[in-house]
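Colleague: What follows is model-v1.txt, compact mmCIF, C-alpha atoms.
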```txt
# COMPACT_ATOMS: atom_id res chain seq x y z
CA MET A 1 -77.04 -2.04 116.42
CA LEU A 2 -78.90 -4.76 114.55
CA ARG A 3 -76.23 -5.20 111.86
CA ALA A 4 -73.09 -7.16 112.54
CA PRO A 5 -69.91 -6.18 110.71
CA LEU A 6 -69.96 -6.95 107.04
CA SER A 7 -67.85 -9.71 105.56
CA SER A 8 -64.66 -9.07 103.63
CA GLU A 9 -66.68 -9.05 100.38
CA PRO A 10 -68.07 -5.52 99.81
CA ALA A 11 -71.86 -5.54 99.58
CA PRO A 12 -73.44 -4.26 96.34
CA ALA A 13 -75.26 -0.93 96.48
CA GLY A 14 -78.65 -2.62 95.97
CA LEU A 15 -78.09 -4.92 98.95
CA ARG A 16 -77.03 -2.03 101.18
CA ARG A 17 -80.11 -0.08 100.15
CA MET A 18 -82.43 -2.98 100.90
CA ARG A 19 -80.80 -3.46 104.31
CA LEU A 20 -81.46 0.18 105.12
CA VAL A 21 -85.10 -0.11 104.00
CA ALA A 22 -85.71 -3.29 106.04
CA THR A 23 -83.96 -1.93 109.13
CA GLY A 24 -85.63 1.48 108.75
CA LEU A 25 -89.05 -0.15 108.54
CA LEU A 26 -88.33 -2.13 111.72
CA VAL A 27 -87.21 1.02 113.56
CA ALA A 28 -90.28 2.88 112.31
CA MET A 29 -92.53 0.15 113.69
CA ALA A 30 -90.75 0.37 117.06
CA VAL A 31 -91.22 4.18 117.18
CA LEU A 32 -94.86 3.83 116.12
CA PHE A 33 -95.44 1.25 118.84
CA LEU A 34 -94.02 3.56 121.51
CA LEU A 35 -96.14 6.50 120.29
CA THR A 36 -99.38 4.53 120.11
CA ARG A 37 -98.75 3.05 123.55
CA ALA A 38 -98.39 6.55 124.99
CA PHE A 39 -101.58 7.85 123.32
CA ASP A 40 -103.69 4.68 123.33
CA HIS A 41 -106.30 6.27 125.61
CA LEU A 42 -107.15 9.08 123.16
CA HIS A 43 -109.14 7.01 120.65
CA PRO A 44 -110.09 3.32 120.21
CA ALA A 45 -108.72 3.30 116.64
CA ILE A 46 -105.22 3.89 117.99
CA GLY A 47 -105.41 0.39 119.46
CA TYR A 48 -105.47 -1.05 115.95
CA VAL A 49 -102.43 0.97 114.98
CA ARG A 50 -100.67 -0.14 118.16
CA ALA A 51 -101.51 -3.80 117.46
CA PHE A 52 -100.18 -3.43 113.90
CA ALA A 53 -96.93 -1.79 115.07
CA GLU A 54 -96.40 -4.31 117.90
CA ALA A 55 -96.91 -7.39 115.73
CA ALA A 56 -94.91 -5.86 112.86
CA MET A 57 -92.03 -5.17 115.23
CA VAL A 58 -92.10 -8.77 116.49
CA GLY A 59 -92.31 -10.19 112.96
CA GLY A 60 -89.52 -7.94 111.72
CA LEU A 61 -87.27 -8.85 114.65
CA ALA A 62 -87.91 -12.57 114.11
CA ASP A 63 -87.09 -12.37 110.42
CA TRP A 64 -84.02 -10.19 111.07
CA PHE A 65 -82.77 -12.84 113.49
CA ALA A 66 -83.46 -15.66 111.02
CA VAL A 67 -81.73 -13.88 108.10
CA THR A 68 -78.76 -12.76 110.16
CA ALA A 69 -78.30 -16.20 111.73
CA LEU A 70 -77.61 -17.65 108.29
CA PHE A 71 -74.42 -15.61 107.87
CA ARG A 72 -73.21 -14.55 111.33
CA HIS A 73 -73.99 -14.45 115.06
CA PRO A 74 -76.75 -11.88 115.69
CA LEU A 75 -75.34 -8.98 117.75
CA ARG A 76 -72.07 -11.01 117.82
CA LEU A 77 -73.55 -13.27 120.50
CA PRO A 78 -72.51 -16.96 120.18
CA ILE A 79 -76.11 -18.18 120.14
CA PRO A 80 -76.41 -21.89 119.25
CA HIS A 81 -77.40 -22.70 115.66
CA THR A 82 -76.45 -19.29 114.27
CA ALA A 83 -73.72 -18.36 111.76
CA ILE A 84 -74.94 -21.43 109.92
CA ILE A 85 -73.06 -20.91 106.65
CA PRO A 86 -69.60 -20.18 108.14
CA ARG A 87 -69.87 -23.12 110.55
CA ASN A 88 -70.94 -25.54 107.82
CA LYS A 89 -68.69 -24.28 105.02
CA ASP A 90 -67.04 -27.64 104.36
CA ARG A 91 -70.33 -29.53 104.52
CA ILE A 92 -71.89 -27.04 102.09
CA ALA A 93 -68.94 -27.55 99.72
CA SER A 94 -69.30 -31.34 99.86
CA THR A 95 -73.09 -31.19 99.47
CA LEU A 96 -72.87 -28.79 96.53
CA ALA A 97 -70.24 -30.93 94.84
CA GLN A 98 -72.34 -34.07 95.33
CA PHE A 99 -75.40 -32.22 94.01
CA LEU A 100 -73.46 -31.32 90.88
CA ARG A 101 -72.27 -34.91 90.53
CA ASP A 102 -75.71 -36.49 90.94
CA ASN A 103 -77.75 -33.98 88.93
CA PHE A 104 -75.42 -32.66 86.24
CA LEU A 105 -72.27 -34.73 85.77
CA THR A 106 -73.47 -38.29 85.35
CA PRO A 107 -73.27 -39.51 81.72
CA LYS A 108 -76.97 -40.45 81.68
CA VAL A 109 -78.11 -37.02 82.89
CA VAL A 110 -75.71 -35.20 80.57
CA ALA A 111 -76.87 -37.24 77.57
CA ARG A 112 -80.53 -36.52 78.35
CA ARG A 113 -79.95 -32.80 78.79
CA MET A 114 -77.66 -32.46 75.78
CA GLN A 115 -80.25 -34.21 73.59
CA ARG A 116 -82.54 -31.19 74.00
CA LEU A 117 -79.84 -28.57 73.42
CA ASP A 118 -79.12 -26.97 70.06
CA VAL A 119 -75.53 -26.02 70.81
CA ALA A 120 -74.72 -25.11 67.22
CA GLY A 121 -77.83 -22.93 66.87
CA ALA A 122 -77.16 -21.07 70.12
CA ALA A 123 -73.51 -20.57 69.22
CA GLY A 124 -74.48 -19.43 65.72
CA ARG A 125 -76.96 -16.85 66.99
CA TRP A 126 -74.49 -15.52 69.54
CA LEU A 127 -71.58 -15.37 67.10
CA ALA A 128 -73.71 -13.70 64.43
CA ASN A 129 -74.76 -10.92 66.82
CA PRO A 130 -72.78 -11.15 70.09
CA VAL A 131 -73.41 -7.58 71.28
CA HIS A 132 -77.19 -7.44 70.89
CA ALA A 133 -77.76 -11.05 71.85
CA ASP A 134 -76.41 -10.77 75.36
CA GLY A 135 -78.70 -8.20 77.05
CA ARG A 136 -78.74 -7.73 80.80
CA ILE A 137 -78.99 -11.46 81.50
CA GLY A 138 -76.15 -12.19 79.08
CA ARG A 139 -73.92 -9.54 80.63
CA SER A 140 -74.65 -10.83 84.12
CA ALA A 141 -73.98 -14.40 83.01
CA GLY A 142 -70.74 -13.25 81.40
CA ARG A 143 -69.56 -11.54 84.57
CA LEU A 144 -70.55 -14.59 86.62
CA ALA A 145 -68.66 -16.89 84.25
CA ALA A 146 -65.58 -14.65 84.41
CA ASP A 147 -65.67 -14.47 88.22
CA PHE A 148 -66.16 -18.23 88.52
CA LEU A 149 -63.30 -18.96 86.09
CA GLU A 150 -60.97 -16.66 88.01
CA SER A 151 -61.98 -18.09 91.40
CA LEU A 152 -61.03 -21.66 90.52
CA ASP A 153 -57.61 -23.08 91.26
CA GLN A 154 -55.89 -22.25 87.98
CA GLU A 155 -53.06 -24.73 88.42
CA ARG A 156 -55.42 -27.64 88.99
CA LEU A 157 -57.94 -26.43 86.41
CA GLY A 158 -55.19 -25.91 83.84
CA GLY A 159 -53.76 -29.34 84.63
CA MET A 160 -57.18 -30.92 84.11
CA ALA A 161 -57.73 -29.07 80.82
CA LYS A 162 -54.28 -29.90 79.46
CA GLY A 163 -54.59 -33.49 80.63
CA ALA A 164 -57.96 -33.76 78.90
CA ILE A 165 -56.52 -32.38 75.65
CA ALA A 166 -53.59 -34.80 75.72
CA ALA A 167 -55.84 -37.76 76.63
CA ARG A 168 -58.23 -36.98 73.78
CA LEU A 169 -55.36 -36.66 71.31
CA ARG A 170 -53.93 -40.00 72.45
CA ALA A 171 -57.31 -41.69 72.08
CA ILE A 172 -57.90 -40.38 68.54
CA ASP A 173 -56.73 -42.60 65.65
CA VAL A 174 -55.58 -39.69 63.50
CA ALA A 175 -54.53 -41.60 60.36
CA PRO A 176 -58.10 -42.57 59.28
CA LEU A 177 -59.32 -39.06 60.07
CA PHE A 178 -56.63 -37.53 57.87
CA GLY A 179 -57.39 -40.08 55.17
CA GLN A 180 -61.14 -39.38 55.27
CA ALA A 181 -60.58 -35.61 55.28
CA LEU A 182 -58.18 -35.86 52.32
CA GLY A 183 -60.51 -38.21 50.44
CA ALA A 184 -63.49 -35.89 50.99
CA ALA A 185 -61.43 -32.90 49.86
CA ILE A 186 -60.37 -34.69 46.67
CA ALA A 187 -63.94 -35.83 45.94
CA ASN A 188 -65.23 -32.25 46.21
CA GLY A 189 -62.28 -30.64 44.43
CA ARG A 190 -61.14 -28.85 47.58
CA HIS A 191 -57.63 -30.24 47.18
CA LEU A 192 -56.95 -28.08 44.12
CA PRO A 193 -55.94 -24.97 46.11
CA LEU A 194 -53.55 -27.18 48.08
CA LEU A 195 -52.07 -28.53 44.85
CA ASP A 196 -51.77 -25.01 43.40
CA GLY A 197 -50.07 -23.88 46.59
CA MET A 198 -47.58 -26.76 46.39
CA ILE A 199 -46.72 -25.80 42.77
CA ARG A 200 -46.23 -22.14 43.72
CA TRP A 201 -44.10 -23.21 46.67
CA ALA A 202 -41.98 -25.39 44.39
CA ALA A 203 -41.49 -22.45 42.00
CA LYS A 204 -40.31 -20.22 44.86
CA VAL A 205 -37.94 -22.91 46.11
CA LEU A 206 -36.49 -23.27 42.60
CA ASP A 207 -36.03 -19.53 42.27
CA ALA A 208 -34.32 -19.28 45.65
CA ASN A 209 -31.97 -22.20 45.02
CA GLU A 210 -30.79 -21.71 41.43
CA HIS A 211 -27.22 -21.34 42.67
CA MET A 212 -27.35 -24.82 44.22
CA ILE A 213 -28.35 -26.36 40.86
CA ARG A 214 -25.56 -24.50 39.09
CA GLU A 215 -23.00 -25.62 41.69
CA MET A 216 -24.21 -29.22 41.49
CA VAL A 217 -23.95 -29.30 37.67
CA HIS A 218 -20.56 -27.58 37.75
CA SER A 219 -19.13 -30.01 40.34
CA ARG A 220 -20.26 -33.07 38.40
CA ALA A 221 -19.33 -31.87 34.92
CA GLY A 222 -16.10 -32.98 33.33
CA ALA A 223 -13.10 -30.72 32.72
CA VAL A 224 -13.99 -30.31 29.01
CA MET A 225 -17.54 -29.15 29.83
CA ARG A 226 -16.27 -26.71 32.42
CA TRP A 227 -13.55 -25.41 29.99
CA THR A 228 -16.07 -24.90 27.17
CA GLY A 229 -18.76 -23.46 29.45
CA LEU A 230 -21.23 -26.22 28.63
CA ASP A 231 -21.86 -26.81 32.34
CA GLU A 232 -23.33 -23.33 32.66
CA THR A 233 -25.46 -23.87 29.56
CA LEU A 234 -26.69 -27.22 30.90
CA ALA A 235 -27.55 -25.69 34.28
CA ASN A 236 -29.52 -22.90 32.59
CA LYS A 237 -31.43 -25.44 30.51
CA ILE A 238 -32.29 -27.49 33.60
CA ILE A 239 -33.51 -24.43 35.49
CA GLU A 240 -35.47 -23.14 32.49
CA GLY A 241 -37.02 -26.56 31.94
CA LEU A 242 -38.09 -26.93 35.56
CA ASP A 243 -39.45 -23.38 35.62
CA LYS A 244 -41.40 -24.01 32.41
CA LEU A 245 -42.76 -27.29 33.75
CA LEU A 246 -44.00 -25.67 36.95
CA GLY A 247 -45.54 -22.82 34.98
CA GLU A 248 -47.39 -25.26 32.73
CA MET A 249 -48.62 -27.24 35.73
CA ALA A 250 -49.91 -24.05 37.32
CA GLU A 251 -51.73 -22.92 34.16
CA ASP A 252 -53.04 -26.25 32.84
CA PRO A 253 -55.51 -28.07 35.18
CA GLY A 254 -55.25 -31.14 32.94
CA HIS A 255 -51.45 -31.38 32.98
CA PRO A 256 -50.26 -35.02 33.19
CA LEU A 257 -48.05 -34.33 36.19
CA ARG A 258 -50.98 -32.76 38.06
CA ALA A 259 -52.94 -35.92 37.35
CA LYS A 260 -50.06 -37.98 38.74
CA ALA A 261 -49.97 -35.79 41.85
CA GLU A 262 -53.71 -36.26 42.33
CA GLU A 263 -53.31 -40.02 41.97
CA GLY A 264 -50.64 -39.89 44.66
CA LEU A 265 -52.96 -37.94 46.97
CA GLU A 266 -55.79 -40.41 46.37
CA ARG A 267 -53.48 -43.31 47.13
CA LEU A 268 -52.28 -41.57 50.30
CA ALA A 269 -55.92 -41.01 51.42
CA HIS A 270 -56.66 -44.70 50.85
CA ASP A 271 -53.49 -45.93 52.59
CA LEU A 272 -54.11 -43.73 55.63
CA GLN A 273 -57.44 -45.45 56.13
CA HIS A 274 -56.63 -49.02 55.15
CA LYS A 275 -52.87 -49.67 55.30
CA PRO A 276 -51.86 -50.81 58.82
CA GLU A 277 -48.15 -50.07 58.33
CA LEU A 278 -48.81 -46.43 57.43
CA ARG A 279 -51.36 -46.05 60.21
CA ASP A 280 -48.82 -47.41 62.70
CA LYS A 281 -46.21 -44.92 61.48
CA VAL A 282 -48.64 -42.01 61.82
CA GLU A 283 -49.67 -43.19 65.30
CA ALA A 284 -46.03 -43.51 66.39
CA PHE A 285 -45.33 -40.02 65.07
CA LYS A 286 -48.37 -38.68 66.96
CA LEU A 287 -47.27 -40.24 70.25
CA GLU A 288 -43.75 -38.95 69.77
CA MET A 289 -45.15 -35.47 69.19
CA LEU A 290 -47.27 -35.69 72.35
CA GLU A 291 -44.19 -36.53 74.42
CA ASN A 292 -42.18 -33.72 72.89
CA GLN A 293 -41.48 -30.85 75.32
CA ALA A 294 -42.14 -28.28 72.62
CA PHE A 295 -45.58 -29.77 72.07
CA GLN A 296 -46.24 -29.74 75.82
CA ARG A 297 -45.35 -26.04 75.88
CA TRP A 298 -47.71 -25.53 72.95
CA ILE A 299 -50.54 -27.15 74.93
CA ASP A 300 -49.67 -24.91 77.91
CA GLY A 301 -49.85 -21.87 75.67
CA LEU A 302 -53.09 -23.12 74.10
CA TRP A 303 -54.73 -23.40 77.53
CA GLU A 304 -53.55 -19.98 78.70
CA THR A 305 -54.62 -18.38 75.41
CA SER A 306 -58.00 -20.10 75.57
CA ARG A 307 -58.55 -19.05 79.20
CA ALA A 308 -57.61 -15.45 78.43
CA ALA A 309 -59.92 -15.46 75.40
CA LEU A 310 -62.79 -16.86 77.50
CA LEU A 311 -62.29 -14.12 80.08
CA ARG A 312 -62.23 -11.43 77.38
CA LEU A 313 -65.37 -12.83 75.79
CA ALA A 314 -67.16 -13.04 79.15
CA ARG A 315 -66.24 -9.50 80.20
CA ASP A 316 -66.64 -7.67 76.88
CA PRO A 317 -68.08 -9.74 74.00
CA GLY A 318 -68.32 -6.77 71.65
CA LYS A 319 -64.69 -5.74 72.01
CA ALA A 320 -63.32 -9.28 71.96
CA LEU A 321 -65.14 -10.04 68.70
CA GLY A 322 -64.07 -6.89 66.88
CA GLY A 323 -61.94 -6.67 63.75
CA ARG A 324 -61.30 -9.32 61.12
CA MET A 325 -61.50 -12.18 63.59
CA GLY A 326 -64.89 -10.97 64.75
CA GLU A 327 -66.15 -10.75 61.15
CA THR A 328 -64.94 -14.29 60.46
CA LEU A 329 -66.71 -15.58 63.58
CA ARG A 330 -69.90 -13.73 62.65
CA GLN A 331 -69.87 -15.33 59.20
CA PHE A 332 -69.33 -18.70 60.84
CA GLY A 333 -72.31 -17.98 63.11
CA VAL A 334 -74.54 -17.32 60.10
CA THR A 335 -73.33 -20.56 58.50
CA LEU A 336 -74.14 -22.49 61.68
CA GLN A 337 -77.71 -21.22 61.55
CA GLN A 338 -78.21 -22.00 57.88
CA ASP A 339 -76.32 -25.27 57.36
CA ARG A 340 -78.36 -27.88 59.22
CA LYS A 341 -76.00 -30.72 58.33
CA LEU A 342 -73.05 -28.86 59.84
CA ALA A 343 -75.14 -27.89 62.88
CA GLU A 344 -76.19 -31.50 63.46
CA THR A 345 -72.57 -32.64 63.19
CA ILE A 346 -71.50 -30.07 65.80
CA ASN A 347 -74.42 -30.93 68.09
CA ARG A 348 -73.58 -34.63 67.88
CA PHE A 349 -69.94 -33.90 68.64
CA ALA A 350 -70.95 -31.65 71.57
CA ARG A 351 -73.19 -34.38 73.00
CA ARG A 352 -70.54 -37.05 72.73
CA SER A 353 -67.87 -34.75 74.15
CA ALA A 354 -70.06 -33.74 77.08
CA VAL A 355 -70.99 -37.34 77.90
CA GLY A 356 -67.36 -38.43 77.60
CA ALA A 357 -66.17 -35.56 79.77
CA ALA A 358 -68.79 -36.37 82.41
CA ALA A 359 -67.72 -40.01 82.45
CA ASP A 360 -63.98 -39.31 82.51
CA TYR A 361 -63.71 -36.09 84.50
CA GLY A 362 -66.96 -35.80 86.50
CA ASP A 363 -65.31 -36.88 89.74
CA GLY A 364 -62.36 -34.56 89.13
CA ILE A 365 -64.66 -31.58 88.49
CA VAL A 366 -66.61 -32.37 91.65
CA ARG A 367 -63.40 -32.50 93.70
CA LEU A 368 -62.21 -29.26 92.09
CA VAL A 369 -65.43 -27.44 93.05
CA SER A 370 -65.44 -28.93 96.55
CA ASP A 371 -61.76 -28.19 97.23
CA THR A 372 -62.06 -24.66 95.83
CA ILE A 373 -64.99 -23.80 98.11
CA LYS A 374 -63.31 -25.47 101.09
CA GLY A 375 -60.24 -23.35 100.37
CA TRP A 376 -62.22 -20.13 100.80
CA ASP A 377 -62.20 -18.69 104.30
CA ALA A 378 -65.52 -18.36 106.14
CA ARG A 379 -65.77 -14.59 105.55
CA THR A 380 -65.27 -15.00 101.80
CA ILE A 381 -67.95 -17.64 101.28
CA THR A 382 -70.31 -15.75 103.60
CA GLY A 383 -69.79 -12.53 101.69
CA ARG A 384 -70.27 -14.14 98.28
CA LEU A 385 -73.44 -15.97 99.23
CA GLU A 386 -74.87 -12.95 101.03
CA ASN A 387 -74.13 -10.69 98.07
CA ALA A 388 -75.80 -13.20 95.75
CA VAL A 389 -79.07 -13.69 97.67
CA GLY A 390 -78.99 -10.84 100.20
CA ARG A 391 -81.56 -8.60 98.46
CA ASP A 392 -84.19 -11.35 98.46
CA LEU A 393 -83.49 -12.02 102.12
CA GLN A 394 -84.04 -8.34 102.94
CA TYR A 395 -87.40 -8.56 101.15
CA ILE A 396 -88.22 -11.42 103.52
CA ARG A 397 -87.54 -9.06 106.43
CA ILE A 398 -89.81 -6.39 104.92
CA ASN A 399 -92.57 -8.90 104.17
CA GLY A 400 -92.27 -10.37 107.67
CA THR A 401 -92.70 -6.90 109.20
CA LEU A 402 -95.80 -6.10 107.12
CA VAL A 403 -97.41 -9.53 107.39
CA GLY A 404 -96.78 -9.52 111.16
CA GLY A 405 -98.52 -6.16 111.40
CA LEU A 406 -101.56 -7.43 109.48
CA VAL A 407 -101.78 -10.48 111.71
CA GLY A 408 -101.63 -8.18 114.77
CA VAL A 409 -104.56 -6.10 113.44
CA LEU A 410 -106.52 -9.31 112.79
CA ILE A 411 -105.93 -10.61 116.32
CA HIS A 412 -106.84 -7.20 117.83
CA THR A 413 -110.04 -7.15 115.77
CA ILE A 414 -111.01 -10.63 116.99
CA ASP A 415 -110.36 -9.59 120.62
CA ALA A 416 -112.51 -6.49 120.16
CA LEU A 417 -115.39 -8.53 118.70
CA LEU A 418 -115.23 -11.07 121.50
```
Can you turn what I pasted into structure tokens?
Modeller:
Amino acid sequence: MLRAPLSSEPAPAGLRRMRLVATGLLVAMAVLFLLTRAFDHLHPAIGYVRAFAEAAMVGGLADWFAVTALFRHPLRLPIPHTAIIPRNKDRIASTLAQFLRDNFLTPKVVARRMQRLDVAGAAGRWLANPVHADGRIGRSAGRLAADFLESLDQERLGGMAKGAIAARLRAIDVAPLFGQALGAAIANGRHLPLLDGMIRWAAKVLDANEHMIREMVHSRAGAVMRWTGLDETLANKIIEGLDKLLGEMAEDPGHPLRAKAEEGLERLAHDLQHKPELRDKVEAFKLEMLENQAFQRWIDGLWETSRAALLRLARDPGKALGGRMGETLRQFGVTLQQDRKLAETINRFARRSAVGAAADYGDGIVRLVSDTIKGWDARTITGRLENAVGRDLQYIRINGTLVGGLVGVLIHTIDALL
């Protein structure tokens, strides 16, 4: 038999079919050679057919040996310089990792490549129409992404992702960002829904805690007020007054207390950006939150949720983006395509993030890829590589058989002329 046992990875149907075609063609050439050799004396033209079959058989055998030697020992014989991929698995892992490091994960290369990418536009087009935008290439890329994500060491990958999130949060000075966001919201009037929500919340709190106000007034009133029932009347007046005040604030955009609240928000936005004492307090609160175990569990959950969502998106974009969430994302995709200022902001953020990630985590990603591949056994890496490129290699066998046959006819023709 010309085929050695297959690796532990099952071969796709297309690869098995191409193997059968290539091997069948080689066997056919061998049978044709035997027939033409037996009947060569009947007609001179049979010599050409014999030369074609002989050279095709030699070319097919040579290419079969070359293709097979990449993945295993031909005929299970320990011939030197065969089973190249299994024997050099670790070297392939190191070379691939170094290739990624030198050509993809250096900050200079990442910056140059990211400069040409419209991340926001691509994301917008995909989000706006995820099902029709994928096509056969998109589906194949999605399956490849899902398989690659599942094949990586999840503990190490998760640790890197969570460490990156925590490191980025520690590096961000959140107080000025909050101040700028609040200031921009106030300037554009986007703080009004927040203010309305605070007023409605205050009204609900008052309604739910009327008994506390009554108890407080009753406990602090004198004996005469309690005996005459004036404490109850006073409590009712306080509750009615507060309720009326909140109602007026909710209905009247120009209410003086709303103006005071807006002044307080403006002052807070300014202090967050320019007051060192407040910035230090916010920074201390942020660091305390990052060290909190509950926050660490939240980051763990965020990573697991994000990974699961990525796998769902890769495997079935249409299903994962269904429902209200899908509609929201589709609307966001349309906005990304139409709002150039927003798109440029996202592209700039993507470029800076990619360059920063390459600088900070390039070596870690390289080690992750290298260690993951080195952790595969020889049969696994052989099977995966063979399944990925095996069809093209079988075409090489077929082409070698046919080209060898044509060369044989050419040589026979030259001999006949001479």
Colleague: Rank nothing, just name the residue among A:Arg113, A:Leu25, A:Pro44, A:Asp271 nearest to His412 of chain A, using all atoms listed in the file.
Modeller: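 Going through A:Arg113, A:Leu25, A:Pro44, A:Asp271 one by one, the smallest distance to His412 of chain A is for A:Pro44.
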Colleague: Compare A:Ala261, A:Leu402, A:Ala166, A:Leu177 by their minimum atom-to-atom distance to Asp196 of chain A, counting only C-alpha atoms, and give me the closest one.
Modeller: A:Ala261
Colleague: Closest to Val369 of chain A among A:Ile92, A:Leu15, A:Ala45, A:Met212, using all atoms listed in the file?
Modeller: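 Among A:Ile92, A:Leu15, A:Ala45, A:Met212, it is A:Ile92 that comes nearest to Val369 of chain A.
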Colleague: Could you give me, as a PyMOL selection string, the residues within 12 Å of Met289 of chain A, counting only C-alpha atoms and dropping anything in the same chain fewer than 6 positions from it?
Modeller: chain A and resi 166+169-170+282-283+295-299
Colleague: Find the nearest atom pair between each residue of segment 373-399 of chain A and segment 346-368 of chain A for residues within 12 Å, count only C-alpha atoms, give distances in Å to one decimal, sort rows by chain and ascending number, and present the table as CSV.
Modeller:
```
residue,atom,partner,partner_atom,distance
A:Ile373,CA,A:Leu368,CA,8.6
A:Lys374,CA,A:Leu368,CA,9.8
A:Gly375,CA,A:Leu368,CA,10.4
```
Colleague: Please provide the set of residues having any atom within 9 Å of Val407 of chain A, restricted to all atoms listed in the file, with same-chain residues fewer than 6 positions apart removed, written as a ChimeraX atom specification.
Modeller: /A:51-52,55-56
Colleague: With only C-alpha atoms as the atoms that count, which of A:Asp90, A:Ala53, A:Arg76, A:Arg37 lies nearest to Asp371 of chain A?
Modeller: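 Using only C-alpha atoms, the shortest distance to Asp371 of chain A belongs to A:Asp90.
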Colleague: Report, in Å to a single decimal, how far apart atom CA of Gly241 of chain A and atom CA of Ala221 of chain A are.
Modeller: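 Atom CA of Ala221 of chain A sits 18.7 Å away from atom CA of Gly241 of chain A.
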Colleague: Restricting the calculation to all atoms listed in the file, which member of A:Ala22, A:Ile381, A:Leu230, A:Ala269 is positioned closest to Ala184 of chain A?
Modeller: A:Ala269
Colleague: Which distance in Å separates atom CA of Asp392 of chain A and atom CA of Thr95 of chain A, to one decimal?
Modeller: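 Value for the atom CA of Asp392 of chain A-atom CA of Thr95 of chain A distance: 22.8 Å.
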Colleague: Could you state the separation of atom CA of Trp303 of chain A and atom CA of Lys286 of chain A in Å, given to one decimal place?
Modeller: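 We find that atom CA of Trp303 of chain A and atom CA of Lys286 of chain A lie 19.6 Å from each other.
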Colleague: For segment 28-40 of chain A of the block above, can you save N, CA and C atoms as a CSV table (one decimal), in the first residue's frame?
Modeller:
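Writing the result to out14.csv gives the following:
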```csv
chain,number,residue,atom,x,y,z
A,28,ALA,N,-3.2,3.5,-12.5
A,28,ALA,CA,-3.6,3.4,-13.9
A,28,ALA,C,-2.3,3.5,-14.8
A,29,MET,N,-1.4,4.4,-14.4
A,29,MET,CA,-0.2,4.5,-15.2
A,29,MET,C,0.7,3.2,-15.1
A,30,ALA,N,0.7,2.6,-13.9
A,30,ALA,CA,1.4,1.4,-13.8
A,30,ALA,C,0.8,0.3,-14.6
A,31,VAL,N,-0.5,0.1,-14.6
A,31,VAL,CA,-1.2,-0.9,-15.4
A,31,VAL,C,-1.0,-0.6,-16.9
A,32,LEU,N,-1.1,0.7,-17.3
A,32,LEU,CA,-0.9,1.0,-18.7
A,32,LEU,C,0.5,0.7,-19.2
A,33,PHE,N,1.5,0.9,-18.3
A,33,PHE,CA,2.9,0.6,-18.6
A,33,PHE,C,3.1,-0.9,-18.8
A,34,LEU,N,2.5,-1.7,-18.0
A,34,LEU,CA,2.6,-3.2,-18.1
A,34,LEU,C,1.9,-3.6,-19.4
A,35,LEU,N,0.8,-3.1,-19.8
A,35,LEU,CA,0.1,-3.5,-21.0
A,35,LEU,C,0.9,-3.1,-22.2
A,36,THR,N,1.3,-1.8,-22.3
A,36,THR,CA,2.1,-1.4,-23.4
A,36,THR,C,3.4,-2.1,-23.6
A,37,ARG,N,4.0,-2.5,-22.5
A,37,ARG,CA,5.2,-3.3,-22.6
A,37,ARG,C,5.0,-4.7,-23.2
A,38,ALA,N,3.8,-5.2,-22.9
A,38,ALA,CA,3.5,-6.6,-23.4
A,38,ALA,C,3.2,-6.5,-24.9
A,39,PHE,N,2.6,-5.4,-25.4
A,39,PHE,CA,2.1,-5.3,-26.7
A,39,PHE,C,2.9,-4.2,-27.5
A,40,ASP,N,4.1,-3.9,-27.1
A,40,ASP,CA,4.9,-2.9,-27.8
A,40,ASP,C,5.2,-3.2,-29.2
```
